[in-house]
>>> print(open('start06.cif').read())   # mmCIF, C-alpha atoms
data_upload
#
loop_
_atom_site.group_PDB
_atom_site.id
_atom_site.type_symbol
_atom_site.label_atom_id
_atom_site.label_comp_id
_atom_site.auth_asym_id
_atom_site.auth_seq_id
_atom_site.Cartn_x
_atom_site.Cartn_y
_atom_site.Cartn_z
ATOM 1 C CA MET L 19 -171.229 139.923 56.685
ATOM 2 C CA VAL L 20 -174.988 140.194 56.622
ATOM 3 C CA PHE L 21 -175.064 136.424 56.779
ATOM 4 C CA GLY L 22 -172.996 136.458 60.001
ATOM 5 C CA ILE L 23 -175.284 139.030 61.587
ATOM 6 C CA ASP L 24 -178.335 136.963 60.685
ATOM 7 C CA ASN L 25 -176.749 133.899 62.301
ATOM 8 C CA ALA L 26 -175.940 135.837 65.463
ATOM 9 C CA LEU L 27 -179.523 137.127 65.668
ATOM 10 C CA SER L 28 -180.922 133.626 65.204
ATOM 11 C CA LEU L 29 -178.627 132.321 67.964
ATOM 12 C CA VAL L 30 -179.767 135.081 70.343
ATOM 13 C CA GLY L 31 -183.370 134.280 69.457
ATOM 14 C CA LEU L 32 -182.759 130.615 70.180
ATOM 15 C CA LEU L 33 -181.218 131.343 73.571
ATOM 16 C CA ASN L 34 -184.276 133.410 74.517
ATOM 17 C CA ASP L 35 -186.608 130.593 73.492
ATOM 18 C CA ASP L 36 -188.131 128.768 76.515
ATOM 19 C CA GLY L 37 -188.153 125.452 74.621
ATOM 20 C CA PHE L 38 -184.388 125.595 74.128
ATOM 21 C CA VAL L 39 -183.819 126.312 77.826
ATOM 22 C CA GLU L 40 -186.068 123.383 78.777
ATOM 23 C CA ALA L 41 -184.183 121.148 76.358
ATOM 24 C CA LEU L 42 -180.880 122.126 77.982
ATOM 25 C CA THR L 43 -182.354 121.459 81.418
ATOM 26 C CA ASP L 44 -183.578 118.052 80.233
ATOM 27 C CA VAL L 45 -180.127 117.243 78.873
ATOM 28 C CA GLU L 46 -178.542 118.157 82.217
ATOM 29 C CA GLU L 47 -181.031 115.897 84.023
ATOM 30 C CA VAL L 48 -180.254 113.030 81.634
ATOM 31 C CA ILE L 49 -176.525 113.539 82.249
ATOM 32 C CA ASP L 50 -177.147 113.449 86.039
ATOM 33 C CA ASP L 51 -179.185 110.251 85.612
ATOM 34 C CA VAL L 52 -176.380 108.697 83.558
ATOM 35 C CA ASP L 53 -173.849 109.653 86.243
ATOM 36 C CA ALA L 54 -176.053 108.088 88.947
ATOM 37 C CA THR L 55 -176.457 104.939 86.845
ATOM 38 C CA LEU L 56 -172.704 104.709 86.301
ATOM 39 C CA ASP L 57 -172.149 105.058 90.048
ATOM 40 C CA ARG L 58 -174.566 102.169 90.670
ATOM 41 C CA VAL L 59 -172.820 100.102 88.004
ATOM 42 C CA GLU L 60 -169.459 100.707 89.700
ATOM 43 C CA GLU L 61 -170.937 99.671 93.064
ATOM 44 C CA ILE L 62 -172.346 96.499 91.502
ATOM 45 C CA GLU L 63 -168.990 95.741 89.882
ATOM 46 C CA SER L 64 -167.172 96.128 93.182
ATOM 47 C CA GLU L 65 -169.757 93.929 94.944
ATOM 48 C CA ALA L 66 -169.358 91.333 92.193
ATOM 49 C CA ALA L 67 -165.576 91.437 92.606
ATOM 50 C CA ARG L 68 -165.932 90.924 96.357
ATOM 51 C CA ALA L 69 -168.330 88.018 95.724
ATOM 52 C CA VAL L 70 -165.868 86.431 93.307
ATOM 53 C CA ASN L 71 -163.055 86.782 95.861
ATOM 54 C CA GLU L 72 -165.221 85.238 98.586
ATOM 55 C CA ALA L 73 -166.211 82.386 96.264
ATOM 56 C CA ASN L 74 -162.563 81.824 95.389
ATOM 57 C CA ALA L 75 -161.628 81.685 99.073
ATOM 58 C CA ALA L 76 -164.461 79.218 99.670
ATOM 59 C CA LEU L 77 -163.255 77.051 96.787
ATOM 60 C CA VAL L 78 -159.727 77.065 98.157
ATOM 61 C CA ALA L 79 -161.066 75.961 101.561
ATOM 62 C CA VAL L 80 -163.167 73.223 99.955
ATOM 63 C CA ASP L 81 -160.147 72.085 97.951
ATOM 64 C CA ALA L 82 -158.076 71.855 101.144
ATOM 65 C CA ARG L 83 -160.814 69.829 102.833
ATOM 66 C CA LEU L 84 -161.089 67.515 99.836
ATOM 67 C CA GLN L 85 -157.329 67.051 99.916
ATOM 68 C CA ARG L 86 -157.532 65.987 103.572
ATOM 69 C CA VAL L 87 -160.395 63.598 102.757
ATOM 70 C CA ASP L 88 -158.329 62.152 99.903
ATOM 71 C CA GLU L 89 -155.393 61.644 102.264
ATOM 72 C CA THR L 90 -157.671 59.899 104.762
ATOM 73 C CA ILE L 91 -159.089 57.646 102.052
ATOM 74 C CA SER L 92 -155.581 56.770 100.872
ATOM 75 C CA LEU L 93 -154.605 55.866 104.408
ATOM 76 C CA LEU L 94 -157.688 53.667 104.815
ATOM 77 C CA GLU L 95 -156.950 52.070 101.464
ATOM 78 C CA ALA L 96 -153.434 51.229 102.621
ATOM 79 C CA LYS L 97 -154.754 49.682 105.827
ATOM 80 C CA ILE L 98 -157.254 47.554 103.920
ATOM 81 C CA GLU L 99 -154.596 46.393 101.454
ATOM 82 C CA ALA L 100 -152.287 45.517 104.336
ATOM 83 C CA ALA L 101 -155.028 43.509 106.042
ATOM 84 C CA PHE L 102 -155.820 41.576 102.858
ATOM 85 C CA SER L 103 -152.146 40.869 102.190
ATOM 86 C CA VAL L 104 -151.592 39.586 105.718
ATOM 87 C CA GLY L 105 -154.777 37.524 105.412
ATOM 88 C CA PHE L 106 -153.633 35.952 102.139
ATOM 89 C CA PHE L 107 -150.231 35.136 103.641
ATOM 90 C CA PHE L 108 -151.880 33.653 106.739
ATOM 91 C CA PHE L 109 -154.254 31.496 104.683
ATOM 92 C CA ALA L 110 -151.381 30.489 102.369
ATOM 93 C CA LEU L 111 -149.393 29.316 105.410
ATOM 94 C CA ASN L 112 -152.475 27.538 106.744
ATOM 95 C CA ARG L 113 -153.078 25.741 103.409
ATOM 96 C CA TRP L 114 -149.346 24.902 103.154
ATOM 97 C CA ASN L 115 -149.413 23.280 106.581
ATOM 98 C CA GLU L 116 -152.467 21.253 105.539
ATOM 99 C CA GLY L 117 -150.662 19.974 102.446
ATOM 100 C CA GLU L 118 -152.623 21.935 99.829
ATOM 101 C CA VAL L 119 -149.610 23.255 97.957
ATOM 102 C CA PHE L 120 -151.354 24.678 94.865
ATOM 103 C CA ILE L 121 -153.933 26.599 96.869
ATOM 104 C CA ALA L 122 -151.160 27.823 99.175
ATOM 105 C CA LEU L 123 -149.112 29.039 96.193
ATOM 106 C CA GLY L 124 -152.177 30.788 94.728
ATOM 107 C CA LEU L 125 -152.860 32.517 98.044
ATOM 108 C CA LEU L 126 -149.181 33.439 98.331
ATOM 109 C CA VAL L 127 -149.282 35.038 94.861
ATOM 110 C CA MET L 128 -152.435 36.962 95.846
ATOM 111 C CA GLY L 129 -150.659 38.131 99.002
ATOM 112 C CA LEU L 130 -147.643 39.271 96.965
ATOM 113 C CA LEU L 131 -149.876 41.154 94.530
ATOM 114 C CA GLY L 132 -151.574 42.850 97.472
ATOM 115 C CA ALA L 133 -148.201 43.676 99.006
ATOM 116 C CA GLY L 134 -147.043 45.241 95.715
ATOM 117 C CA SER L 135 -150.199 47.325 95.563
ATOM 118 C CA LEU L 136 -149.679 48.263 99.208
ATOM 119 C CA VAL L 137 -146.136 49.454 98.477
ATOM 120 C CA ILE L 138 -147.408 51.654 95.637
ATOM 121 C CA THR L 139 -150.165 53.073 97.853
ATOM 122 C CA VAL L 140 -147.786 53.746 100.728
ATOM 123 C CA VAL L 141 -145.249 55.458 98.465
ATOM 124 C CA THR L 142 -147.934 57.774 97.097
ATOM 125 C CA LEU L 143 -149.368 58.672 100.512
ATOM 126 C CA PRO L 144 -149.010 62.412 101.190
ATOM 127 C CA GLN L 145 -147.579 61.722 104.634
ATOM 128 C CA VAL L 146 -144.847 59.539 103.144
ATOM 129 C CA ARG L 147 -144.114 62.151 100.440
ATOM 130 C CA ARG L 148 -143.739 64.845 103.112
ATOM 131 C CA LEU L 149 -141.461 62.591 105.154
ATOM 132 C CA ARG L 150 -139.299 61.918 102.089
ATOM 133 C CA GLN L 151 -139.079 65.662 101.382
ATOM 134 C CA ILE L 152 -137.963 66.290 104.959
ATOM 135 C CA VAL L 153 -135.307 63.566 104.693
ATOM 136 C CA ARG L 154 -134.101 64.992 101.356
ATOM 137 C CA GLY L 155 -133.939 68.429 102.963
ATOM 138 C CA LEU L 156 -131.849 67.058 105.794
ATOM 139 C CA ARG L 157 -129.517 65.323 103.357
ATOM 140 C CA THR L 158 -128.978 68.456 101.284
ATOM 141 C CA ASP L 159 -128.643 70.689 104.367
ATOM 142 C CA ARG L 160 -125.807 68.635 105.885
ATOM 143 C CA PRO L 161 -123.288 69.275 103.098
ATOM 144 C CA ARG L 162 -124.314 72.940 103.027
ATOM 145 C CA GLN L 163 -123.917 73.184 106.781
ATOM 146 C CA ALA L 164 -120.565 71.414 106.638
ATOM 147 C CA THR L 165 -119.391 73.764 103.883
ATOM 148 C CA GLN L 166 -120.619 76.782 105.823
ATOM 149 C CA SER L 167 -118.957 75.514 109.001
ATOM 150 C CA ALA L 168 -115.680 74.976 107.135
ATOM 151 C CA GLN L 169 -115.908 78.479 105.670
ATOM 152 C CA GLN L 170 -116.636 79.938 109.099
ATOM 153 C CA ARG L 171 -113.667 78.067 110.610
ATOM 154 C CA ALA L 172 -111.424 79.296 107.796
ATOM 155 C CA GLU L 173 -112.633 82.879 108.284
ATOM 156 C CA SER L 174 -112.164 82.551 112.031
ATOM 157 C CA ALA L 175 -108.641 81.204 111.574
ATOM 158 C CA ALA L 176 -107.829 83.997 109.148
ATOM 159 C CA SER L 177 -109.096 86.619 111.573
ATOM 160 C CA ASP L 178 -107.121 84.973 114.393
ATOM 161 C CA GLU L 179 -103.941 85.192 112.272
ATOM 162 C CA THR L 180 -104.535 88.886 111.583
ATOM 163 C CA ASP L 181 -105.153 89.500 115.291
ATOM 164 C CA GLU L 182 -101.838 87.828 116.205
ATOM 165 C CA THR L 183 -99.825 90.014 113.837
#
>>> encode(input="start06.cif", output="structure tokens")
Amino acid sequence: MVFGIDNALSLVGLLNDDGFVEALTDVEEVIDDVDATLDRVEEIESEAARAVNEANAALVAVDARLQRVDETISLLEAKIEAAFSVGFFFFALNRWNEGEVFIALGLLVMGLLGAGSLVITVVTLPQVRRLRQIVRGLRTDRPRQATQSAQQRAESAASDETDET
């Protein structure tokens, strides 16, 4: 019991000590500084998140622009291939008319190769892909619409029969 009283007296002596009070005050100031630092860190994190979102939006816009540029390049490529193919066919016809059969056949083969490449380019053009998707959508919508119309007519006929009775 004496030991407990001695401990209590030492604790009371410590609380009266000015050094202990200053140490507690210093600890409170450090805690306030840590809180302020954490608040700044949270602000920086939120600013960084906003910057990442803005950068992502910018990248999406750049990607869309690059996609349009790619579509334009593909279209120009198709036009150039078409011009070369027509040119080879024209020169093949010209050489054929002049009696140079082998040169004409070579030019004709070059024109056919260009035409094959042109077909591949045209099929892969985004505009052509979109057009094919629209046509597919129309094809699949017609049977659905016909089925829906038949169901509506059947429901209408059934309701007409119930109205007559």
>>> atom_distance(input="start06.cif", atom1="atom CA of Gln151 of chain L", atom2="atom CA of Val104 of chain L")
29.2 Å
>>> atom_distance(input="start06.cif", atom1="atom CA of Glu89 of chain L", atom2="atom CA of Ala76 of chain L")
19.9 Å
>>> closest_residue(input="start06.cif", among="L:Val70, L:Ala41, L:Ala96, L:Val48", to="Val141 of chain L", atoms="all atoms listed in the file")
L:Ala96
>>> residues_around(input="start06.cif", residues="Ile98 of chain L", least_positions_apart="3", cutoff="12 Å", atoms="all atoms listed in the file", output="ChimeraX atom specification")
/L:91-95,101-105,132-133,135-136,139-140
>>> residues_around(input="start06.cif", residues="Leu125 of chain L", least_positions_apart="3", cutoff="6 Å", atoms="all atoms listed in the file", output="list in words")
Phe106, Ala110, Ala122 and Met128 of chain L
>>> closest_residue(input="start06.cif", among="L:Glu40, L:Asp88, L:Asp50, L:Glu116", to="Leu143 of chain L", atoms="all atoms listed in the file")
L:Asp88
>>> closest_residue(input="start06.cif", among="L:Val119, L:Ala73, L:Val127, L:Leu156", to="Phe107 of chain L", atoms="all atoms listed in the file")
L:Val127
>>> closest_residue(input="start06.cif", among="L:Arg150, L:Val52, L:Arg58, L:Pro144", to="Gln85 of chain L", atoms="all atoms listed in the file")
L:Pro144
